[in-house]
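Chemist: I am sharing upload.json, which consists of JSON, C-alpha atoms and all ligand atoms:
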[["chain", "number", "residue", "atom", "x", "y", "z"],
["A", 734, "MET", "CA", 62.61, 37.30, 92.84],
["A", 735, "GLU", "CA", 64.69, 34.56, 91.12],
["A", 736, "ARG", "CA", 67.18, 34.55, 93.99],
["A", 737, "ASN", "CA", 64.38, 33.90, 96.46],
["A", 738, "LEU", "CA", 63.03, 31.09, 94.23],
["A", 739, "GLU", "CA", 66.52, 29.59, 94.14],
["A", 740, "GLU", "CA", 66.78, 29.85, 97.92],
["A", 741, "LEU", "CA", 63.29, 28.39, 98.34],
["A", 742, "LYS", "CA", 64.28, 25.38, 96.20],
["A", 743, "ARG", "CA", 67.45, 24.79, 98.26],
["A", 744, "ALA", "CA", 65.46, 25.02, 101.48],
["A", 745, "LYS", "CA", 62.82, 22.58, 100.14],
["A", 746, "ILE", "CA", 65.46, 20.00, 99.21],
["A", 747, "ALA", "CA", 67.20, 20.35, 102.58],
["A", 748, "LEU", "CA", 63.91, 19.95, 104.46],
["A", 749, "ARG", "CA", 62.87, 16.92, 102.41],
["A", 750, "GLU", "CA", 66.15, 15.12, 103.06],
["A", 751, "GLN", "CA", 66.42, 15.65, 106.81],
["A", 752, "ALA", "CA", 64.86, 13.38, 109.41],
["A", 753, "ARG", "CA", 65.46, 15.58, 112.48],
["A", 754, "VAL", "CA", 64.04, 19.07, 112.16],
["A", 755, "VAL", "CA", 63.90, 21.73, 114.87],
["A", 756, "VAL", "CA", 62.08, 25.04, 114.55],
["A", 757, "LEU", "CA", 62.76, 28.18, 116.63],
["A", 758, "THR", "CA", 60.04, 30.82, 116.46],
["A", 759, "GLY", "CA", 59.72, 34.38, 117.74],
["A", 760, "ALA", "CA", 57.04, 37.06, 117.74],
["A", 761, "GLY", "CA", 57.18, 37.47, 113.93],
["A", 762, "VAL", "CA", 55.39, 34.15, 113.38],
["A", 763, "SER", "CA", 52.30, 35.55, 115.18],
["A", 764, "LYS", "CA", 52.39, 38.91, 113.40],
["A", 765, "GLU", "CA", 49.86, 37.81, 110.75],
["A", 766, "SER", "CA", 47.54, 36.74, 113.56],
["A", 767, "GLY", "CA", 47.45, 40.38, 114.60],
["A", 768, "VAL", "CA", 49.72, 39.93, 117.63],
["A", 769, "PRO", "CA", 52.23, 42.81, 117.66],
["A", 770, "THR", "CA", 55.92, 41.93, 117.70],
["A", 771, "PHE", "CA", 58.20, 43.37, 120.35],
["A", 772, "ARG", "CA", 60.65, 45.43, 118.36],
["A", 773, "GLY", "CA", 58.93, 46.17, 115.09],
["A", 774, "LYS", "CA", 57.51, 49.57, 114.03],
["A", 775, "ASN", "CA", 54.36, 49.35, 116.15],
["A", 776, "GLY", "CA", 56.10, 46.87, 118.45],
["A", 777, "LEU", "CA", 54.79, 46.22, 121.94],
["A", 778, "TRP", "CA", 57.87, 47.53, 123.68],
["A", 779, "LYS", "CA", 57.43, 50.86, 121.84],
["A", 780, "GLU", "CA", 54.29, 51.69, 123.83],
["A", 781, "PHE", "CA", 55.42, 49.88, 126.93],
["A", 782, "ARG", "CA", 59.05, 49.89, 128.09],
["A", 783, "ALA", "CA", 60.26, 46.36, 128.78],
["A", 784, "GLN", "CA", 62.15, 47.37, 131.91],
["A", 785, "GLU", "CA", 58.97, 48.90, 133.34],
["A", 786, "LEU", "CA", 56.85, 45.87, 132.72],
["A", 787, "ALA", "CA", 58.51, 42.53, 131.98],
["A", 788, "THR", "CA", 60.84, 42.34, 135.02],
["A", 789, "PRO", "CA", 60.41, 40.95, 138.56],
["A", 790, "GLU", "CA", 61.37, 44.37, 139.97],
["A", 791, "ALA", "CA", 58.53, 46.06, 138.04],
["A", 792, "PHE", "CA", 56.09, 43.45, 139.32],
["A", 793, "LYS", "CA", 57.23, 43.94, 142.90],
["A", 794, "ARG", "CA", 56.92, 47.72, 142.53],
["A", 795, "ASN", "CA", 53.56, 47.76, 140.78],
["A", 796, "PRO", "CA", 51.88, 44.38, 140.23],
["A", 797, "ALA", "CA", 48.61, 45.95, 139.06],
["A", 798, "LEU", "CA", 50.37, 47.90, 136.26],
["A", 799, "VAL", "CA", 52.25, 44.81, 135.06],
["A", 800, "TRP", "CA", 48.99, 42.87, 135.14],
["A", 801, "GLU", "CA", 47.35, 45.57, 132.97],
["A", 802, "PHE", "CA", 50.04, 44.90, 130.34],
["A", 803, "TYR", "CA", 49.38, 41.17, 130.46],
["A", 804, "GLU", "CA", 45.60, 41.58, 130.51],
["A", 805, "PHE", "CA", 45.91, 43.71, 127.36],
["A", 806, "ARG", "CA", 47.88, 40.93, 125.66],
["A", 807, "ARG", "CA", 45.65, 38.10, 126.96],
["A", 808, "ALA", "CA", 42.58, 39.90, 125.58],
["A", 809, "LEU", "CA", 44.31, 40.53, 122.25],
["A", 810, "VAL", "CA", 45.60, 36.95, 121.88],
["A", 811, "SER", "CA", 42.29, 35.37, 122.92],
["A", 812, "ARG", "CA", 40.74, 37.15, 119.90],
["A", 813, "ALA", "CA", 43.60, 36.09, 117.60],
["A", 814, "VAL", "CA", 43.61, 32.93, 115.50],
["A", 815, "PRO", "CA", 46.55, 30.86, 114.26],
["A", 816, "ASN", "CA", 47.71, 32.04, 110.82],
["A", 817, "PRO", "CA", 48.97, 29.94, 107.84],
["A", 818, "ALA", "CA", 52.49, 30.00, 109.33],
["A", 819, "HIS", "CA", 51.35, 28.27, 112.53],
["A", 820, "VAL", "CA", 49.28, 25.79, 110.49],
["A", 821, "ALA", "CA", 52.18, 25.04, 108.12],
["A", 822, "LEU", "CA", 54.42, 24.19, 111.09],
["A", 823, "ALA", "CA", 51.81, 21.73, 112.39],
["A", 824, "THR", "CA", 51.71, 20.16, 108.89],
["A", 825, "LEU", "CA", 55.51, 19.95, 108.77],
["A", 826, "GLU", "CA", 55.57, 18.19, 112.15],
["A", 827, "ALA", "CA", 53.31, 15.43, 110.79],
["A", 828, "ARG", "CA", 55.69, 14.86, 107.86],
["A", 829, "VAL", "CA", 59.04, 14.77, 109.68],
["A", 830, "PRO", "CA", 60.23, 11.68, 111.65],
["A", 831, "ARG", "CA", 61.78, 13.72, 114.49],
["A", 832, "PHE", "CA", 60.39, 17.25, 115.02],
["A", 833, "CYS", "CA", 60.59, 19.79, 117.84],
["A", 834, "LEU", "CA", 59.09, 23.28, 117.90],
["A", 835, "ILE", "CA", 60.89, 25.66, 120.26],
["A", 836, "THR", "CA", 59.11, 28.97, 120.74],
["A", 837, "GLN", "CA", 59.92, 32.23, 122.52],
["A", 838, "ASN", "CA", 56.28, 33.20, 122.17],
["A", 839, "VAL", "CA", 53.90, 33.10, 125.09],
["A", 840, "ASP", "CA", 50.68, 33.34, 123.02],
["A", 841, "GLY", "CA", 49.88, 29.62, 122.77],
["A", 842, "LEU", "CA", 49.04, 29.91, 119.04],
["A", 843, "HIS", "CA", 51.29, 27.00, 117.98],
["A", 844, "ALA", "CA", 49.30, 24.57, 120.17],
["A", 845, "ARG", "CA", 46.01, 26.01, 118.89],
["A", 846, "ALA", "CA", 47.24, 25.37, 115.31],
["A", 847, "GLY", "CA", 47.82, 21.70, 116.13],
["A", 848, "SER", "CA", 51.57, 21.57, 116.86],
["A", 849, "LYS", "CA", 52.31, 18.84, 119.39],
["A", 850, "ASN", "CA", 55.97, 18.71, 120.41],
["A", 851, "ILE", "CA", 56.38, 22.29, 121.68],
["A", 852, "LEU", "CA", 58.95, 23.76, 124.06],
["A", 853, "GLU", "CA", 57.77, 27.14, 125.45],
["A", 854, "LEU", "CA", 61.01, 28.83, 126.51],
["A", 855, "HIS", "CA", 59.37, 31.94, 127.96],
["A", 856, "GLY", "CA", 56.20, 30.50, 129.48],
["A", 857, "ASN", "CA", 52.59, 31.18, 128.55],
["A", 858, "LEU", "CA", 50.20, 34.13, 128.88],
["A", 859, "PHE", "CA", 47.37, 31.83, 129.93],
["A", 860, "ARG", "CA", 49.03, 30.28, 132.95],
["A", 861, "THR", "CA", 49.44, 31.88, 136.37],
["A", 862, "ARG", "CA", 51.82, 31.06, 139.20],
["A", 863, "CYS", "CA", 51.01, 31.83, 142.84],
["A", 864, "LEU", "CA", 53.78, 33.58, 144.82],
["A", 865, "GLY", "CA", 52.21, 32.19, 147.98],
["A", 866, "CYS", "CA", 51.71, 28.46, 147.41],
["A", 867, "GLY", "CA", 53.42, 28.10, 144.02],
["A", 868, "VAL", "CA", 50.41, 26.52, 142.33],
["A", 869, "LEU", "CA", 50.44, 26.75, 138.52],
["A", 870, "GLU", "CA", 47.04, 27.14, 136.89],
["A", 871, "GLU", "CA", 45.76, 27.56, 133.34],
["A", 872, "SER", "CA", 43.46, 30.57, 133.09],
["A", 873, "PHE", "CA", 41.77, 31.81, 129.92],
["A", 874, "ALA", "CA", 39.33, 34.20, 131.61],
["A", 875, "VAL", "CA", 39.50, 37.75, 130.25],
["A", 876, "PRO", "CA", 39.55, 39.77, 132.43],
["A", 877, "ILE", "CA", 41.26, 37.36, 134.79],
["A", 878, "ALA", "CA", 39.67, 39.08, 137.81],
["A", 879, "GLN", "CA", 37.57, 42.13, 138.62],
["A", 880, "LYS", "CA", 40.45, 43.59, 140.59],
["A", 881, "LEU", "CA", 44.15, 43.51, 139.62],
["A", 882, "PRO", "CA", 46.44, 41.99, 140.73],
["A", 883, "PRO", "CA", 44.49, 38.71, 141.00],
["A", 884, "SER", "CA", 44.85, 36.53, 144.08],
["A", 885, "CYS", "CA", 45.12, 32.78, 144.46],
["A", 886, "GLN", "CA", 41.84, 31.00, 145.15],
["A", 887, "HIS", "CA", 43.71, 28.38, 147.23],
["A", 888, "CYS", "CA", 45.82, 30.54, 149.55],
["A", 889, "GLY", "CA", 44.90, 34.15, 148.76],
["A", 890, "GLY", "CA", 48.50, 34.78, 147.63],
["A", 891, "LEU", "CA", 49.54, 37.11, 144.81],
["A", 892, "LEU", "CA", 49.31, 35.59, 141.30],
["A", 893, "ARG", "CA", 51.83, 36.40, 138.55],
["A", 894, "PRO", "CA", 51.77, 35.51, 134.85],
["A", 895, "ASP", "CA", 53.76, 32.29, 134.35],
["A", 896, "VAL", "CA", 56.14, 33.92, 131.86],
["A", 897, "VAL", "CA", 59.92, 34.44, 132.04],
["A", 898, "TRP", "CA", 60.79, 38.10, 132.67],
["A", 899, "PHE", "CA", 64.10, 39.79, 131.83],
["A", 900, "GLY", "CA", 66.70, 38.84, 134.39],
["A", 901, "GLU", "CA", 64.86, 35.61, 135.25],
["A", 902, "PRO", "CA", 66.24, 32.20, 134.38],
["A", 903, "LEU", "CA", 64.36, 30.11, 131.81],
["A", 904, "PRO", "CA", 62.78, 26.93, 133.18],
["A", 905, "ALA", "CA", 65.92, 24.72, 133.41],
["A", 906, "GLY", "CA", 64.32, 21.57, 132.03],
["A", 907, "VAL", "CA", 62.92, 23.35, 128.99],
["A", 908, "MET", "CA", 66.17, 25.13, 128.13],
["A", 909, "ASN", "CA", 68.23, 21.94, 128.54],
["A", 910, "GLN", "CA", 65.81, 20.05, 126.29],
["A", 911, "ALA", "CA", 65.89, 22.85, 123.70],
["A", 912, "SER", "CA", 69.71, 22.87, 123.71],
["A", 913, "GLU", "CA", 69.78, 19.10, 123.30],
["A", 914, "GLU", "CA", 67.32, 19.21, 120.38],
["A", 915, "ALA", "CA", 69.25, 22.05, 118.72],
["A", 916, "GLY", "CA", 72.54, 20.17, 119.14],
["A", 917, "LYS", "CA", 71.15, 17.03, 117.47],
["A", 918, "CYS", "CA", 69.03, 18.37, 114.62],
["A", 919, "GLU", "CA", 69.93, 18.10, 110.93],
["A", 920, "ALA", "CA", 67.94, 21.17, 109.89],
["A", 921, "MET", "CA", 66.72, 24.18, 111.87],
["A", 922, "LEU", "CA", 64.13, 26.72, 110.74],
["A", 923, "VAL", "CA", 64.56, 30.09, 112.52],
["A", 924, "ILE", "CA", 61.34, 32.02, 112.01],
["A", 925, "GLY", "CA", 60.26, 35.52, 113.01],
["A", 926, "THR", "CA", 62.87, 36.30, 115.63],
["A", 927, "SER", "CA", 65.19, 39.28, 115.86],
["A", 928, "GLY", "CA", 67.79, 37.02, 117.50],
["A", 929, "LEU", "CA", 68.39, 39.56, 120.28],
["A", 930, "VAL", "CA", 67.11, 37.77, 123.37],
["A", 931, "PHE", "CA", 69.32, 35.21, 125.06],
["A", 932, "PRO", "CA", 69.67, 32.37, 125.82],
["A", 933, "ALA", "CA", 67.06, 31.57, 123.07],
["A", 934, "ALA", "CA", 69.14, 33.38, 120.45],
["A", 935, "GLY", "CA", 72.05, 31.03, 121.17],
["A", 936, "LEU", "CA", 70.15, 27.96, 119.93],
["A", 937, "PRO", "CA", 70.73, 28.45, 116.16],
["A", 938, "GLY", "CA", 74.49, 28.61, 116.86],
["A", 939, "LEU", "CA", 74.27, 25.24, 118.67],
["A", 940, "ALA", "CA", 72.50, 23.73, 115.65],
["A", 941, "LYS", "CA", 75.02, 25.22, 113.23],
["A", 942, "ASP", "CA", 77.97, 23.92, 115.30],
["A", 943, "ALA", "CA", 76.36, 20.47, 115.13],
["A", 944, "GLY", "CA", 76.32, 20.68, 111.32],
["A", 945, "ALA", "CA", 72.62, 21.47, 110.85],
["A", 946, "PHE", "CA", 71.31, 23.17, 107.70],
["A", 947, "LEU", "CA", 70.00, 26.56, 108.89],
["A", 948, "ILE", "CA", 67.04, 28.29, 107.23],
["A", 949, "GLU", "CA", 65.99, 31.78, 108.38],
["A", 950, "ILE", "CA", 62.50, 33.06, 107.53],
["A", 951, "ASN", "CA", 62.21, 36.77, 108.21],
["A", 952, "PRO", "CA", 61.40, 39.84, 106.06],
["A", 953, "GLU", "CA", 64.53, 41.47, 107.52],
["A", 954, "SER", "CA", 68.10, 40.36, 108.20],
["A", 955, "THR", "CA", 69.08, 39.69, 111.81],
["A", 956, "PRO", "CA", 72.31, 38.93, 113.74],
["A", 957, "LEU", "CA", 71.52, 35.27, 112.97],
["A", 958, "SER", "CA", 71.39, 35.78, 109.17],
["A", 959, "PRO", "CA", 75.15, 35.38, 108.54],
["A", 960, "MET", "CA", 75.11, 31.83, 109.93],
["A", 961, "ALA", "CA", 72.07, 30.77, 107.86],
["A", 962, "ASP", "CA", 72.54, 28.53, 104.80],
["A", 963, "VAL", "CA", 69.38, 29.99, 103.30],
["A", 964, "CYS", "CA", 67.56, 33.23, 104.15],
["A", 965, "LEU", "CA", 63.95, 33.40, 102.92],
["A", 966, "ARG", "CA", 63.09, 37.09, 103.00],
["A", 967, "GLY", "CA", 59.35, 37.38, 103.45],
["A", 968, "PRO", "CA", 56.46, 37.04, 105.90],
["A", 969, "ALA", "CA", 56.20, 33.59, 107.47],
["A", 970, "ALA", "CA", 52.50, 33.25, 106.60],
["A", 971, "SER", "CA", 53.32, 33.25, 102.88],
["A", 972, "VAL", "CA", 56.82, 31.74, 102.87],
["A", 973, "LEU", "CA", 56.06, 28.66, 105.01],
["A", 974, "PRO", "CA", 53.12, 27.33, 102.96],
["A", 975, "ARG", "CA", 55.28, 27.72, 99.79],
["A", 976, "LEU", "CA", 58.17, 25.93, 101.49],
["A", 977, "LEU", "CA", 55.91, 22.96, 102.23],
["A", 978, "GLN", "CA", 54.25, 22.86, 98.81],
["A", 979, "GLU", "CA", 55.03, 19.67, 96.91],
["A", 980, "PRO", "CA", 56.93, 19.18, 94.68],
["B", 1, "LIG", "C1", 68.33, 35.46, 131.57],
["B", 1, "LIG", "C2", 58.35, 36.72, 128.02],
["B", 1, "LIG", "C3", 69.83, 34.95, 133.31],
["B", 1, "LIG", "C4", 57.63, 37.83, 128.67],
["B", 1, "LIG", "C5", 60.46, 37.52, 127.13],
["B", 1, "LIG", "C6", 73.33, 41.36, 127.01],
["B", 1, "LIG", "C7", 73.72, 40.34, 126.17],
["B", 1, "LIG", "C8", 73.08, 39.09, 126.21],
["B", 1, "LIG", "C9", 72.05, 38.87, 127.11],
["B", 1, "LIG", "C10", 71.67, 39.90, 127.93],
["B", 1, "LIG", "C11", 72.30, 41.13, 127.90],
["B", 1, "LIG", "N1", 71.69, 41.92, 128.81],
["B", 1, "LIG", "C12", 70.70, 41.23, 129.42],
["B", 1, "LIG", "C13", 70.70, 40.00, 128.91],
["B", 1, "LIG", "C14", 69.83, 38.90, 129.27],
["B", 1, "LIG", "C15", 68.44, 39.08, 128.65],
["B", 1, "LIG", "C16", 68.53, 39.45, 127.19],
["B", 1, "LIG", "O1", 68.78, 38.62, 126.34],
["B", 1, "LIG", "N2", 68.31, 40.75, 126.91],
["B", 1, "LIG", "C17", 68.39, 41.20, 125.54],
["B", 1, "LIG", "C18", 67.27, 42.21, 125.27],
["B", 1, "LIG", "C19", 69.76, 41.81, 125.29],
["B", 1, "LIG", "N3", 67.83, 37.79, 128.77],
["B", 1, "LIG", "C20", 67.17, 37.50, 129.89],
["B", 1, "LIG", "O2", 66.99, 38.28, 130.81],
["B", 1, "LIG", "C21", 66.66, 36.07, 129.97],
["B", 1, "LIG", "N4", 67.05, 35.55, 131.24],
["B", 1, "LIG", "O3", 69.24, 35.75, 130.84],
["B", 1, "LIG", "O4", 68.49, 35.04, 132.85],
["B", 1, "LIG", "C22", 69.77, 34.31, 134.63],
["B", 1, "LIG", "C23", 70.28, 33.02, 134.77],
["B", 1, "LIG", "C24", 70.28, 32.44, 136.01],
["B", 1, "LIG", "C25", 69.73, 33.11, 137.12],
["B", 1, "LIG", "C26", 69.18, 34.40, 136.95],
["B", 1, "LIG", "C27", 69.20, 35.00, 135.71],
["B", 1, "LIG", "C28", 65.15, 36.05, 129.90],
["B", 1, "LIG", "C29", 64.71, 36.47, 128.52],
["B", 1, "LIG", "C30", 63.20, 36.25, 128.38],
["B", 1, "LIG", "C31", 62.48, 37.55, 128.51],
["B", 1, "LIG", "N5", 61.04, 37.33, 128.27],
["B", 1, "LIG", "N6", 59.16, 37.25, 126.94],
["B", 1, "LIG", "C32", 56.62, 38.42, 127.73],
["B", 1, "LIG", "O5", 56.52, 38.01, 126.56],
["B", 1, "LIG", "O6", 55.92, 39.33, 128.19],
["B", 1, "LIG", "S1", 61.38, 38.06, 125.81],
["B", 1, "LIG", "C33", 60.45, 38.64, 124.54],
["B", 1, "LIG", "O7", 61.41, 38.87, 123.49],
["B", 1, "LIG", "C34", 59.47, 37.66, 123.92],
["B", 1, "LIG", "O8", 59.48, 36.36, 124.46],
["B", 1, "LIG", "C35", 59.94, 37.61, 122.47],
["B", 1, "LIG", "O9", 59.61, 36.45, 121.84],
["B", 1, "LIG", "C36", 61.38, 37.71, 122.71],
["B", 1, "LIG", "C37", 62.30, 37.85, 121.57],
["B", 1, "LIG", "O10", 61.77, 38.76, 120.68],
["B", 1, "LIG", "P1", 61.37, 38.17, 119.24],
["B", 1, "LIG", "O11", 60.47, 37.02, 119.44],
["B", 1, "LIG", "O12", 62.59, 37.93, 118.45],
["B", 1, "LIG", "O13", 60.50, 39.34, 118.67],
["B", 1, "LIG", "P2", 61.02, 40.71, 118.06],
["B", 1, "LIG", "O14", 59.86, 41.65, 118.04],
["B", 1, "LIG", "O15", 62.29, 41.11, 118.73],
["B", 1, "LIG", "O16", 61.40, 40.33, 116.55],
["B", 1, "LIG", "C38", 60.37, 39.97, 115.65],
["B", 1, "LIG", "C39", 61.06, 39.51, 114.39],
["B", 1, "LIG", "O17", 60.04, 39.06, 113.50],
["B", 1, "LIG", "C40", 61.82, 40.61, 113.68],
["B", 1, "LIG", "O18", 63.08, 40.11, 113.27],
["B", 1, "LIG", "C41", 60.95, 40.92, 112.45],
["B", 1, "LIG", "O19", 61.74, 41.27, 111.33],
["B", 1, "LIG", "C42", 60.29, 39.59, 112.22],
["B", 1, "LIG", "N7", 58.99, 39.65, 111.54],
["B", 1, "LIG", "C43", 58.11, 40.69, 111.51],
["B", 1, "LIG", "N8", 57.03, 40.31, 110.78],
["B", 1, "LIG", "C44", 57.24, 39.02, 110.38],
["B", 1, "LIG", "C45", 58.48, 38.60, 110.87],
["B", 1, "LIG", "N9", 58.98, 37.37, 110.63],
["B", 1, "LIG", "C46", 58.24, 36.53, 109.90],
["B", 1, "LIG", "N10", 57.02, 36.85, 109.41],
["B", 1, "LIG", "C47", 56.50, 38.08, 109.63],
["B", 1, "LIG", "N11", 55.29, 38.41, 109.12],
["B", 2, "ZN", "ZN", 48.33, 30.20, 146.32]]
With the file now loaded, output its structure as structure tokens.
Ligand code: BV8
Ligand code: ZN
Modeler:
Amino acid sequence: MERNLEELKRAKIALREQARVVVLTGAGVSKESGVPTFRGKNGLWKEFRAQELATPEAFKRNPALVWEFYEFRRALVSRAVPNPAHVALATLEARVPRFCLITQNVDGLHARAGSKNILELHGNLFRTRCLGCGVLEESFAVPIAQKLPPSCQHCGGLLRPDVVWFGEPLPAGVMNQASEEAGKCEAMLVIGTSGLVFPAAGLPGLAKDAGAFLIEINPESTPLSPMADVCLRGPAASVLPRLLQEP
């Protein structure tokens, strides 16, 4: 336990001293909100196989099945509430002169917790994109429609979730901005990500190369752990509030 206290102290000092802080979050930060992670024990991909569901080919082959997967998650997330980890990150943002929250998550919980400067690398569960006319629309209705797949109310075209599937490029503007923020920050918190999905997983390396102090918060070690200056081994919902506690 002492080692973790030591590490916590080092992380606190680093955070207090830095003016430009960037945070990268993954599914682990929403775990304590009851949103399953992707690769954990009862991870999402266990029941559903990624290549069957989160790819453009799968959607082309069977849009209704892919929509069932997203409807399941939209229903689950709409019942979820931000947990102390999400709230702590909104508090941190208010304290730091330059702050950017980069998330791989599509659950929208950071915004609901009050975070402002958010980059959603992989899109959002509650936005649809029409394959016919391209219109992007926010939609919180659960179910989204009586019949899946839903169709566009403007042109009757096929709607898809506005998320980034495997094999699809990330929105260029968002990824460029995230790379720029990572390359300029003085400290980066990497929270609740297995560091397996690229190009998101390349961002901590950019920060490290730019001399940033890297703090990983994760109960387990990941391929990113070796480059971290401090690894805080524990659940984000308990580690983050302690990290922000004064003094
Ligand atoms: C692209 C949206 C190119 C949809 C998602 C080989 C090498 C390198 C790359 C590749 C490769 N083969 C293929 C690729 C590319 C691929 C990729 O990286 N694959 C991986 C699997 C190898 N990447 C892509 O396809 C990307 N696109 O490369 O395009 C391109 C360019 C130009 C033109 C055309 C194409 C697109 C990737 C985005 C995919 N979409 N999500 C949806 O959500 O439905 S990814 C999905 O995984 C989620 O977004 C999720 O966030 C993300 C990453 O997972 P994590 O967030 O890290 O979650 P995970 O469950 O894995 O880990 C949870 C962690 O939390 C664990 O470490 C656990 O210990 C920890 N934890 C648990 N409890 C807690 C906790 N931490 C803190 N507190 C707790 N309580
Ligand atoms: Zn349309």
Chemist: Just want the residues within 7 Å of ligand LIG 1 (chain B), written as an NGL selection string, counting all atoms listed in the file.
Modeler: :A and (758-762 or 764-765 or 770-773 or 776 or 787 or 837-839 or 855-856 or 896-903 or 924-932 or 950-953 or 955 or 967-970)
Chemist: I want to know what sits within 10 Å of A:Cys964, based on all atoms listed in the file, with residues of the same chain fewer than 6 positions away left out; could you give that as a tab-separated table (two decimals) with C-alpha atoms, keeping the file's coordinate frame?
Modeler:
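What landed in part.tsv:
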chain	number	residue	atom	x	y	z
A	737	ASN	CA	64.38	33.90	96.46
A	740	GLU	CA	66.78	29.85	97.92
A	741	LEU	CA	63.29	28.39	98.34
A	744	ALA	CA	65.46	25.02	101.48
A	922	LEU	CA	64.13	26.72	110.74
A	923	VAL	CA	64.56	30.09	112.52
A	947	LEU	CA	70.00	26.56	108.89
A	948	ILE	CA	67.04	28.29	107.23
A	949	GLU	CA	65.99	31.78	108.38
A	950	ILE	CA	62.50	33.06	107.53
A	951	ASN	CA	62.21	36.77	108.21
A	952	PRO	CA	61.40	39.84	106.06
A	953	GLU	CA	64.53	41.47	107.52
A	954	SER	CA	68.10	40.36	108.20
A	957	LEU	CA	71.52	35.27	112.97
A	958	SER	CA	71.39	35.78	109.17
Chemist: Could you tell me which of A:Ala808, A:Lys742, A:Glu853, A:Val972 comes closest to A:Ala905 if we count all atoms listed in the file?
Modeler: A:Glu853
Chemist: With distances taken over all atoms listed in the file, which residue among A:Val810, A:Cys885, A:Ile746, A:Ala961 lies nearest ligand ZN 2 (chain B)?
Modeler: A:Cys885
Chemist: Just want the residues within 6 Å of ligand ZN 2 (chain B), written as a list in words, counting all atoms listed in the file.
Modeler: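 These are the residues that qualify: Cys863, Gly865, Cys866, Gly867, Val868, Cys885, His887, Cys888, Gly889 and Gly890 of chain A.
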Chemist: Taking all atoms listed in the file into account, which of A:Leu864, A:Ala940, A:Leu869, A:Leu852 comes nearest A:Pro904?
Modeler: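 Nearest to A:Pro904: A:Leu852.
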Chemist: Using only C-alpha atoms, which protein or nucleic acid residues come within 8 Å of A:Glu914? Drop anything in the same chain fewer than 3 positions from it, and give the result as number ranges by chain.
Modeler: A: 755, 833, 910-911, 917-918
Chemist: Given all atoms listed in the file as the basis, pick out the residue of A:Val820, A:Leu858, A:Val875, A:Ala920 nearest to A:Asp895.
Modeler: A:Leu858
Chemist: So the first atom is atom CA of A:Asn850 and the second is atom CA of A:Ala933; what is the distance between them in Å, to one decimal place?
Modeler: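 Computing the Euclidean distance for atom CA of A:Asn850 and atom CA of A:Ala933 yields 17.2 Å.
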Chemist: Give me the residues near A:His843 as JSON, numbers by chain, where near means some atom within 8 Å (using only C-alpha atoms) and where sequence neighbours in that chain fewer than 4 positions away do not count.
Modeler: {"A": [815, 819, 820, 823, 847, 848, 851]}
Chemist: Determine the nearest neighbour of A:Met908 from the options A:Ala818, A:Ala874, A:Leu977, A:Ile835, counting only C-alpha atoms.
Modeler: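 Of A:Ala818, A:Ala874, A:Leu977, A:Ile835, the one nearest A:Met908 is A:Ile835, counting only C-alpha atoms.
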Chemist: What gap, in Å, lies between atom CA of A:Arg743 and atom CA of A:Ala846?
Modeler: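 Rounded to one decimal, the two atoms are 26.4 Å apart.
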Chemist: Here is a test: counting all atoms listed in the file, which residue of A:Arg862, A:Arg806, A:Glu801, A:Gly767 is nearest to A:Ala878?
Modeler: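 Going through A:Arg862, A:Arg806, A:Glu801, A:Gly767 one by one, the smallest distance to A:Ala878 is for A:Glu801.
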Chemist: Mind giving me the straight-line distance from atom CA of A:Leu757 to atom CA of A:Thr836 in Å, one decimal?
Modeler: 5.6 Å
Chemist: Taking all atoms of stretch 946-954 of chain A that the file lists, what box with edges along x, y and z, padded by 3 Å per side, do you get, with centre and edge lengths in Å to one decimal, as JSON?
Modeler:
{"center_x": 66.4, "center_y": 32.3, "center_z": 107.5, "size_x": 15.9, "size_y": 24.3, "size_z": 8.8}
Chemist: Please list as a PDB file with C-alpha atoms, keeping the file's coordinate frame every residue within 12 Å of A:Lys880, counting only C-alpha atoms and excluding residues in the same chain fewer than 4 positions away.
Modeler:
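Generated file (part-v7.pdb):
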ATOM      1  CA  PRO A 796      51.880  44.380 140.230  1.00  0.00           C
ATOM      2  CA  ALA A 797      48.610  45.950 139.060  1.00  0.00           C
ATOM      3  CA  LEU A 798      50.370  47.900 136.260  1.00  0.00           C
ATOM      4  CA  TRP A 800      48.990  42.870 135.140  1.00  0.00           C
ATOM      5  CA  GLU A 801      47.350  45.570 132.970  1.00  0.00           C
ATOM      6  CA  GLU A 804      45.600  41.580 130.510  1.00  0.00           C
ATOM      7  CA  VAL A 875      39.500  37.750 130.250  1.00  0.00           C
ATOM      8  CA  PRO A 876      39.550  39.770 132.430  1.00  0.00           C
ATOM      9  CA  SER A 884      44.850  36.530 144.080  1.00  0.00           C
ATOM     10  CA  LEU A 891      49.540  37.110 144.810  1.00  0.00           C
ATOM     11  CA  LEU A 892      49.310  35.590 141.300  1.00  0.00           C
TER      12      LEU A 892
END
